[in-house]
Amino acid sequence: MNKLLVLGAGTAGTTLVNRLRRRLSDDWYITVVDQDETHLYQPGLLFIPFGLYTAADVVEPRRRYLPRDVDLVIGAIEHVDTERQEVRLVDGTVLDYDHLVIATGTHPRPDQTPGMLGDQWRQTVHDFYTLEGSVILHDALKRFDGGRLVVNMVELPIKCPVAPLEFAFLADWHLRERGIRDRTEIVFATPLSGAFTKPVAASLLGDLLEQKGIVVESDFYTGSVEDGALVSYDERRLDFDLLVTVPINMGASFVGASGLGDELDHVPVDRHTFLSNDHGNVWSIGDAADLPVSKAGSVAHFAVDVFTENFPRYVAGLPMEEAFDGHALCFVESGDGRAMLIDFNYETEPLPGKYPMPGVGPFSLLEESRVNHWGKLAFKWVYWNGLVKGRPMPLPTEMTMAGKHRPATKETAV
Ligand SMILES: Cc1cc2nc3c(=O)[nH]c(=O)nc-3n(C[C@H](O)[C@H](O)[C@H](O)COP(=O)(O)OP(=O)(O)OC[C@H]3O[C@@H](n4cnc5c(N)ncnc54)[C@H](O)[C@@H]3O)c2cc1C
């Protein structure tokens with residue numbers, strides 16, 4: 001028997017074992033390990049603070065989404081020994097492998113910022129990247145009666161880098177609905193020089209922040225949280241009544257402890273195939289990998305498309321024929337029942353246009369629409385019923401330029 005061991009049964013791990021089980025012959029024994037029994041639909045965490053979803057809307061039992069003939073082992077992973085080709089769990093279990101896929105994601109680490117886990121944690125200092133955090137923030141927002149709301153991301157990369165922006169847009173809408181927007185200042189504090197990493201999207205999203213009266217505090221490198229203020233390394237101080245932060249995101253600790261990670265415990269891999277730069281039988285896919293593209297569920301999905309084609313060829317000694325292009329496709333909730341859609345890859349930044357049918361849509365790229373918002377809501381059904389079950393999706397794996405156009409920049413438009 002050949003043994004494939006997949007670490008992490010989140011978006012990437014679950015999709016991958018469903019797809020590979022159908023592709024690999026019966027002499028492949030597949031095991032997947034996760035630390036708990038509950039699969040979390042993370043895009044839904046954005047809606048919980050605003051009372052649009054509850055915790056029950058975003059969790060499902062992991063086993064329900066895994067093939068019957070794939071073994072699920074529940075336990076926290078402690079160490080990978082690449083010499084012996086073994087993985088040790090915290091409870092002492094040892095699992096051996098012929099090929100290993102690390103799909104343990106990336107996770108918020110508030111402990112990495114001095115003062116963040118002080119006595120105001122989950123009182124006036126909140127996160128929404130965990131289920132517990134988003135539920136507690138819902139109560140805090142209900143109690144919030146105006147003042148200064150600071151929305152912050154400490155450092156990049158984080159998973160879903162547009163989620164903090166979406167939170168700011170939804171907070172603007174939510175506080176208007178409650179009639180307290182005029183006595184609330186919303187500040188978006190980001191280490192970036194603008195609203196997003198890529199220029200065209202940064203310009204359009206920046207305009208939207210301005211229209212909504214959200215103040216952008218750019219180039220803000222968070223150093224600490226002190227006495228009701230977020231303080232940057234260059235000693236700028238942002239006092240807050242409520243802080244909603246996205247802490248530093250880091251890969252699982254065992255990755256670093258096993259000598260497999262970079263400084264943030266993400267796994268260095270070939271950006272087109274996900275094969276480890278150092279080991280010919282270790283792979284990493286999804287947020288756990290150090291790919292130079294947004295960490296997102298859509299990236300995990302397109303990456304699995306490529307991996308599923310390449311892996312059976314690689315183990316048969318054939319050249320890998322598919323190359324991942326860094327494709328990412330993300331809805332950006334903008335409040336008032338509207339959203340944008342962004343579609344990009346390693347080479348091409350998000351551009352305006354229509355998706356998936358050129359000129360028709362129905363989704364609009366980099367433009368707010370109600371259809372985009374419905375698309376974002378419908379995605380939860382698609383996630384559970386299509387994506388993680390590894391069913392074929394009518395979306396091209398590679399990004400295409402069809403339907404996109406490059407707008408005149410502000411400079412050339414004058
Ligand atoms: C608020 C929010 C909104 C988002 N919105 C979107 C969106 O709109 N669109 C989009 O495409 N993406 C979105 N994302 C990102 C998306 O959810 C992730 O990119 C995606 O889940 C990555 O999949 P993954 O399998 O790599 O990691 P995960 O899904 O996080 O899975 C990792 C798994 O590894 C397990 N694990 C970790 N460490 C260990 C250990 N030591 N031992 C055992 N098991 C371990 C975890 O329990 C988990 O099940 C959002 C994320 C957040 C937080």
# chains A, B, ... in the order shown; residues from 1 in each chain; ligands from 1
>>> closest_atom_pairs(of="chain A", to="ligand 1", cutoff="7 Å", atoms="only C-alpha atoms and all ligand atoms", output="Markdown table")
| residue | atom | partner | partner_atom_place_in_ligand_line | distance |
| --- | --- | --- | --- | --- |
| A:Leu7 | CA | ligand 1 | 44 (N) | 6.5 |
| A:Gly8 | CA | ligand 1 | 34 (O) | 3.6 |
| A:Ala9 | CA | ligand 1 | 49 (O) | 4.8 |
| A:Gly10 | CA | ligand 1 | 31 (O) | 3.3 |
| A:Thr11 | CA | ligand 1 | 25 (O) | 3.8 |
| A:Ala12 | CA | ligand 1 | 25 (O) | 3.6 |
| A:Gly13 | CA | ligand 1 | 25 (O) | 5.3 |
| A:Val33 | CA | ligand 1 | 43 (C) | 6.1 |
| A:Asp34 | CA | ligand 1 | 44 (N) | 3.7 |
| A:Gln35 | CA | ligand 1 | 43 (C) | 3.8 |
| A:Asp36 | CA | ligand 1 | 47 (O) | 6.0 |
| A:His39 | CA | ligand 1 | 49 (O) | 6.1 |
| A:Tyr41 | CA | ligand 1 | 17 (O) | 6.6 |
| A:Gln42 | CA | ligand 1 | 17 (O) | 4.4 |
| A:Pro43 | CA | ligand 1 | 5 (N) | 3.4 |
| A:Gly44 | CA | ligand 1 | 3 (C) | 6.5 |
| A:Leu45 | CA | ligand 1 | 1 (C) | 4.8 |
| A:Leu46 | CA | ligand 1 | 1 (C) | 4.8 |
| A:Gly75 | CA | ligand 1 | 43 (C) | 5.8 |
| A:Ala76 | CA | ligand 1 | 42 (N) | 3.6 |
| A:Ile77 | CA | ligand 1 | 42 (N) | 3.8 |
| A:Glu78 | CA | ligand 1 | 41 (N) | 6.2 |
| A:Ala103 | CA | ligand 1 | 26 (O) | 5.3 |
| A:Thr104 | CA | ligand 1 | 34 (O) | 3.4 |
| A:Gly105 | CA | ligand 1 | 27 (O) | 3.5 |
| A:Thr106 | CA | ligand 1 | 30 (O) | 6.1 |
| A:Phe128 | CA | ligand 1 | 1 (C) | 6.1 |
| A:Tyr129 | CA | ligand 1 | 53 (C) | 4.2 |
| A:Thr130 | CA | ligand 1 | 53 (C) | 6.8 |
| A:Lys159 | CA | ligand 1 | 15 (C) | 5.1 |
| A:Cys160 | CA | ligand 1 | 14 (N) | 4.6 |
| A:Ala163 | CA | ligand 1 | 3 (C) | 5.5 |
| A:Ala252 | CA | ligand 1 | 38 (N) | 4.8 |
| A:Ser253 | CA | ligand 1 | 41 (N) | 6.6 |
| A:Phe254 | CA | ligand 1 | 41 (N) | 6.1 |
| A:Ile285 | CA | ligand 1 | 26 (O) | 6.4 |
| A:Gly286 | CA | ligand 1 | 26 (O) | 3.5 |
| A:Asp287 | CA | ligand 1 | 26 (O) | 3.8 |
| A:Ala288 | CA | ligand 1 | 26 (O) | 5.6 |
| A:Lys295 | CA | ligand 1 | 19 (O) | 4.9 |
| A:Ala296 | CA | ligand 1 | 19 (O) | 3.2 |
| A:Gly297 | CA | ligand 1 | 11 (O) | 3.4 |
| A:Ser298 | CA | ligand 1 | 11 (O) | 4.0 |
| A:Val299 | CA | ligand 1 | 11 (O) | 6.6 |
| A:Ala300 | CA | ligand 1 | 23 (O) | 5.9 |
| A:Leu329 | CA | ligand 1 | 11 (O) | 6.6 |
| A:Cys330 | CA | ligand 1 | 9 (N) | 5.0 |
| A:Phe331 | CA | ligand 1 | 8 (O) | 5.7 |
| A:Val332 | CA | ligand 1 | 8 (O) | 7.0 |
>>> residues_around(residues="Arg63 of chain A", least_positions_apart="6", cutoff="10 Å", atoms="only C-alpha atoms", output="number ranges by chain")
A: 9, 14, 37-39, 70-72
>>> closest_atom_pairs(of="segment 37-69 of chain A", to="segment 25-30 of chain A", cutoff="12 Å", atoms="only C-alpha atoms", output="Markdown table")
| residue | atom | partner | partner_atom | distance |
| --- | --- | --- | --- | --- |
| A:Leu66 | CA | A:Ile30 | CA | 11.0 |
| A:Pro67 | CA | A:Ile30 | CA | 10.0 |
| A:Arg68 | CA | A:Ile30 | CA | 10.7 |
| A:Asp69 | CA | A:Ile30 | CA | 7.9 |
>>> closest_residue(among="A:Trp381, A:Met399, A:Arg122, A:Leu387", to="Ala328 of chain A", atoms="only C-alpha atoms")
A:Met399
>>> closest_residue(among="A:His373, A:Glu398, A:Leu230, A:Pro191", to="Ser218 of chain A", atoms="only C-alpha atoms")
A:Pro191
>>> select_by_dssp(residues="segment 10-146 of chain A", states="strand (DSSP E)", output="PyMOL selection string")
chain A and resi 28-34+38-40+59-61+71-74+77-81+86-89+94-96+99-102+106-108+125-126
>>> closest_residue(among="A:Phe220, A:Phe302, A:Trp283, A:Phe311", to="His327 of chain A", atoms="only C-alpha atoms")
A:Phe302
>>> atom_distance(atom1="atom CA of Leu205 of chain A", atom2="atom CA of Asn372 of chain A")
15.5 Å
>>> residues_around(residues="Lys142 of chain A", least_positions_apart="5", cutoff="9 Å", atoms="only C-alpha atoms", output="PDB file with N, CA and C atoms, in the first residue's frame")
ATOM      1  N   PRO A  49     -20.782  39.067  13.724  1.00  0.00           N
ATOM      2  CA  PRO A  49     -20.821  40.261  14.583  1.00  0.00           C
ATOM      3  C   PRO A  49     -22.025  41.163  14.299  1.00  0.00           C
ATOM      4  N   PHE A  50     -22.540  41.128  13.070  1.00  0.00           N
ATOM      5  CA  PHE A  50     -23.644  42.014  12.699  1.00  0.00           C
ATOM      6  C   PHE A  50     -25.007  41.319  12.835  1.00  0.00           C
ATOM      7  N   LEU A 137     -17.856  39.417  19.745  1.00  0.00           N
ATOM      8  CA  LEU A 137     -17.918  40.755  19.116  1.00  0.00           C
ATOM      9  C   LEU A 137     -19.366  41.146  18.803  1.00  0.00           C
TER      10      LEU A 137
END
>>> closest_residue(among="A:Glu60, A:Arg148, A:Leu52, A:Met1", to="Tyr97 of chain A", atoms="only C-alpha atoms")
A:Met1
>>> select_by_dssp(residues="segment 7-71 of chain A", states="alpha helix (DSSP H)", output="PyMOL selection string")
chain A and resi 11-23
>>> residues_around(residues="Gly280 of chain A", least_positions_apart="6", cutoff="12 Å", atoms="only C-alpha atoms", output="list in words")
Thr82, Glu83, Gln85, Asp98, His99, Leu100, Val101, Val269, Asp270, Thr273, Phe274, Phe311, Tyr314, Val315 and Gly317 of chain A
>>> closest_residue(among="A:Ser232, A:Ser369, A:Asn277, A:Ser134", to="Ala55 of chain A", atoms="only C-alpha atoms")
A:Ser134
>>> atom_distance(atom1="atom CA of Glu132 of chain A", atom2="atom CA of Val59 of chain A")
12.2 Å
>>> closest_residue(among="A:Ser258, A:Gln123, A:Ser284, A:Ser276", to="Val6 of chain A", atoms="only C-alpha atoms")
A:Ser284
>>> residues_around(residues="Asp239 of chain A", least_positions_apart="5", cutoff="9 Å", atoms="only C-alpha atoms", output="PyMOL selection string")
chain A and resi 148+150+227-231
>>> decode(residues="segment 189-220 of chain A", atoms="N, CA, C and O atoms", output="mmCIF file, in the first residue's frame")
data_model
loop_
_atom_site.group_PDB
_atom_site.id
_atom_site.type_symbol
_atom_site.label_atom_id
_atom_site.label_comp_id
_atom_site.auth_asym_id
_atom_site.auth_seq_id
_atom_site.Cartn_x
_atom_site.Cartn_y
_atom_site.Cartn_z
ATOM 1 N N ALA A 189 -7.092 51.164 10.077
ATOM 2 C CA ALA A 189 -5.632 51.280 10.267
ATOM 3 C C ALA A 189 -4.938 50.086 9.621
ATOM 4 O O ALA A 189 -5.113 48.946 10.041
ATOM 5 N N THR A 190 -4.144 50.366 8.596
ATOM 6 C CA THR A 190 -3.562 49.293 7.785
ATOM 7 C C THR A 190 -2.059 49.520 7.569
ATOM 8 O O THR A 190 -1.625 50.671 7.405
ATOM 9 N N PRO A 191 -1.278 48.439 7.511
ATOM 10 C CA PRO A 191 0.148 48.614 7.201
ATOM 11 C C PRO A 191 0.388 48.956 5.727
ATOM 12 O O PRO A 191 1.497 49.332 5.351
ATOM 13 N N LEU A 192 -0.652 48.813 4.899
ATOM 14 C CA LEU A 192 -0.507 49.123 3.468
ATOM 15 C C LEU A 192 -0.536 50.636 3.258
ATOM 16 O O LEU A 192 -0.997 51.390 4.112
ATOM 17 N N SER A 193 -0.104 51.061 2.056
ATOM 18 C CA SER A 193 -0.159 52.498 1.745
ATOM 19 C C SER A 193 -1.538 52.898 1.267
ATOM 20 O O SER A 193 -1.828 54.088 1.087
ATOM 21 N N GLY A 194 -2.400 51.933 1.002
ATOM 22 C CA GLY A 194 -3.769 52.226 0.566
ATOM 23 C C GLY A 194 -4.686 51.125 1.043
ATOM 24 O O GLY A 194 -4.349 50.357 1.943
ATOM 25 N N ALA A 195 -5.877 51.045 0.372
ATOM 26 C CA ALA A 195 -6.898 50.114 0.847
ATOM 27 C C ALA A 195 -6.571 48.662 0.512
ATOM 28 O O ALA A 195 -7.070 47.753 1.176
ATOM 29 N N PHE A 196 -5.768 48.425 -0.534
ATOM 30 C CA PHE A 196 -5.494 47.042 -0.951
ATOM 31 C C PHE A 196 -4.082 46.973 -1.502
ATOM 32 O O PHE A 196 -3.435 47.999 -1.725
ATOM 33 N N THR A 197 -3.623 45.735 -1.761
ATOM 34 C CA THR A 197 -2.234 45.560 -2.208
ATOM 35 C C THR A 197 -2.015 45.986 -3.654
ATOM 36 O O THR A 197 -0.927 46.380 -4.025
ATOM 37 N N LYS A 198 -3.050 45.891 -4.513
ATOM 38 C CA LYS A 198 -2.861 46.124 -5.946
ATOM 39 C C LYS A 198 -3.475 47.468 -6.334
ATOM 40 O O LYS A 198 -4.561 47.814 -5.859
ATOM 41 N N PRO A 199 -2.823 48.244 -7.243
ATOM 42 C CA PRO A 199 -3.186 49.654 -7.453
ATOM 43 C C PRO A 199 -4.623 49.933 -7.898
ATOM 44 O O PRO A 199 -5.262 50.820 -7.340
ATOM 45 N N VAL A 200 -5.141 49.175 -8.901
ATOM 46 C CA VAL A 200 -6.487 49.523 -9.409
ATOM 47 C C VAL A 200 -7.528 49.275 -8.314
ATOM 48 O O VAL A 200 -8.379 50.138 -8.021
ATOM 49 N N ALA A 201 -7.460 48.123 -7.660
ATOM 50 C CA ALA A 201 -8.408 47.815 -6.579
ATOM 51 C C ALA A 201 -8.206 48.779 -5.415
ATOM 52 O O ALA A 201 -9.182 49.234 -4.798
ATOM 53 N N ALA A 202 -6.960 49.121 -5.109
ATOM 54 C CA ALA A 202 -6.686 50.033 -3.990
ATOM 55 C C ALA A 202 -7.352 51.381 -4.246
ATOM 56 O O ALA A 202 -7.950 51.982 -3.341
ATOM 57 N N SER A 203 -7.298 51.851 -5.496
ATOM 58 C CA SER A 203 -7.882 53.146 -5.830
ATOM 59 C C SER A 203 -9.413 53.100 -5.692
ATOM 60 O O SER A 203 -10.017 53.962 -5.048
ATOM 61 N N LEU A 204 -10.041 52.051 -6.272
ATOM 62 C CA LEU A 204 -11.509 51.965 -6.215
ATOM 63 C C LEU A 204 -12.009 51.730 -4.791
ATOM 64 O O LEU A 204 -12.991 52.340 -4.352
ATOM 65 N N LEU A 205 -11.323 50.849 -4.058
ATOM 66 C CA LEU A 205 -11.742 50.581 -2.680
ATOM 67 C C LEU A 205 -11.477 51.796 -1.791
ATOM 68 O O LEU A 205 -12.247 52.097 -0.876
ATOM 69 N N GLY A 206 -10.391 52.525 -2.096
ATOM 70 C CA GLY A 206 -10.083 53.748 -1.359
ATOM 71 C C GLY A 206 -11.184 54.791 -1.556
ATOM 72 O O GLY A 206 -11.613 55.464 -0.604
ATOM 73 N N ASP A 207 -11.669 54.914 -2.803
ATOM 74 C CA ASP A 207 -12.765 55.852 -3.081
ATOM 75 C C ASP A 207 -14.010 55.470 -2.276
ATOM 76 O O ASP A 207 -14.717 56.331 -1.749
ATOM 77 N N LEU A 208 -14.276 54.168 -2.187
ATOM 78 C CA LEU A 208 -15.458 53.698 -1.468
ATOM 79 C C LEU A 208 -15.350 54.008 0.031
ATOM 80 O O LEU A 208 -16.328 54.444 0.663
ATOM 81 N N LEU A 209 -14.153 53.826 0.575
ATOM 82 C CA LEU A 209 -13.944 54.158 1.995
ATOM 83 C C LEU A 209 -14.216 55.648 2.224
ATOM 84 O O LEU A 209 -14.878 56.047 3.187
ATOM 85 N N GLU A 210 -13.724 56.462 1.284
ATOM 86 C CA GLU A 210 -13.907 57.913 1.417
ATOM 87 C C GLU A 210 -15.393 58.284 1.365
ATOM 88 O O GLU A 210 -15.886 59.044 2.192
ATOM 89 N N GLN A 211 -16.104 57.700 0.350
ATOM 90 C CA GLN A 211 -17.551 57.971 0.244
ATOM 91 C C GLN A 211 -18.293 57.629 1.524
ATOM 92 O O GLN A 211 -19.261 58.271 1.886
ATOM 93 N N LYS A 212 -17.843 56.592 2.206
ATOM 94 C CA LYS A 212 -18.536 56.144 3.413
ATOM 95 C C LYS A 212 -18.023 56.858 4.663
ATOM 96 O O LYS A 212 -18.434 56.531 5.781
ATOM 97 N N GLY A 213 -17.112 57.784 4.465
ATOM 98 C CA GLY A 213 -16.605 58.560 5.598
ATOM 99 C C GLY A 213 -15.733 57.743 6.535
ATOM 100 O O GLY A 213 -15.670 58.021 7.742
ATOM 101 N N ILE A 214 -15.082 56.713 6.001
ATOM 102 C CA ILE A 214 -14.176 55.894 6.827
ATOM 103 C C ILE A 214 -12.761 56.447 6.655
ATOM 104 O O ILE A 214 -12.264 56.580 5.531
ATOM 105 N N VAL A 215 -12.140 56.802 7.769
ATOM 106 C CA VAL A 215 -10.815 57.425 7.730
ATOM 107 C C VAL A 215 -9.753 56.332 7.585
ATOM 108 O O VAL A 215 -9.769 55.361 8.336
ATOM 109 N N VAL A 216 -8.844 56.500 6.610
ATOM 110 C CA VAL A 216 -7.791 55.489 6.430
ATOM 111 C C VAL A 216 -6.504 55.974 7.095
ATOM 112 O O VAL A 216 -6.036 57.075 6.830
ATOM 113 N N GLU A 217 -5.980 55.166 7.982
ATOM 114 C CA GLU A 217 -4.689 55.445 8.625
ATOM 115 C C GLU A 217 -3.703 54.468 7.973
ATOM 116 O O GLU A 217 -3.601 53.303 8.368
ATOM 117 N N SER A 218 -3.027 54.954 6.907
ATOM 118 C CA SER A 218 -2.189 54.038 6.117
ATOM 119 C C SER A 218 -0.771 53.952 6.683
ATOM 120 O O SER A 218 -0.389 54.743 7.553
ATOM 121 N N ASP A 219 0.012 53.001 6.168
ATOM 122 C CA ASP A 219 1.384 52.762 6.629
ATOM 123 C C ASP A 219 1.449 52.643 8.153
ATOM 124 O O ASP A 219 2.406 53.109 8.781
ATOM 125 N N PHE A 220 0.398 52.076 8.734
ATOM 126 C CA PHE A 220 0.327 51.970 10.195
ATOM 127 C C PHE A 220 0.807 50.574 10.600
ATOM 128 O O PHE A 220 0.094 49.591 10.463
#
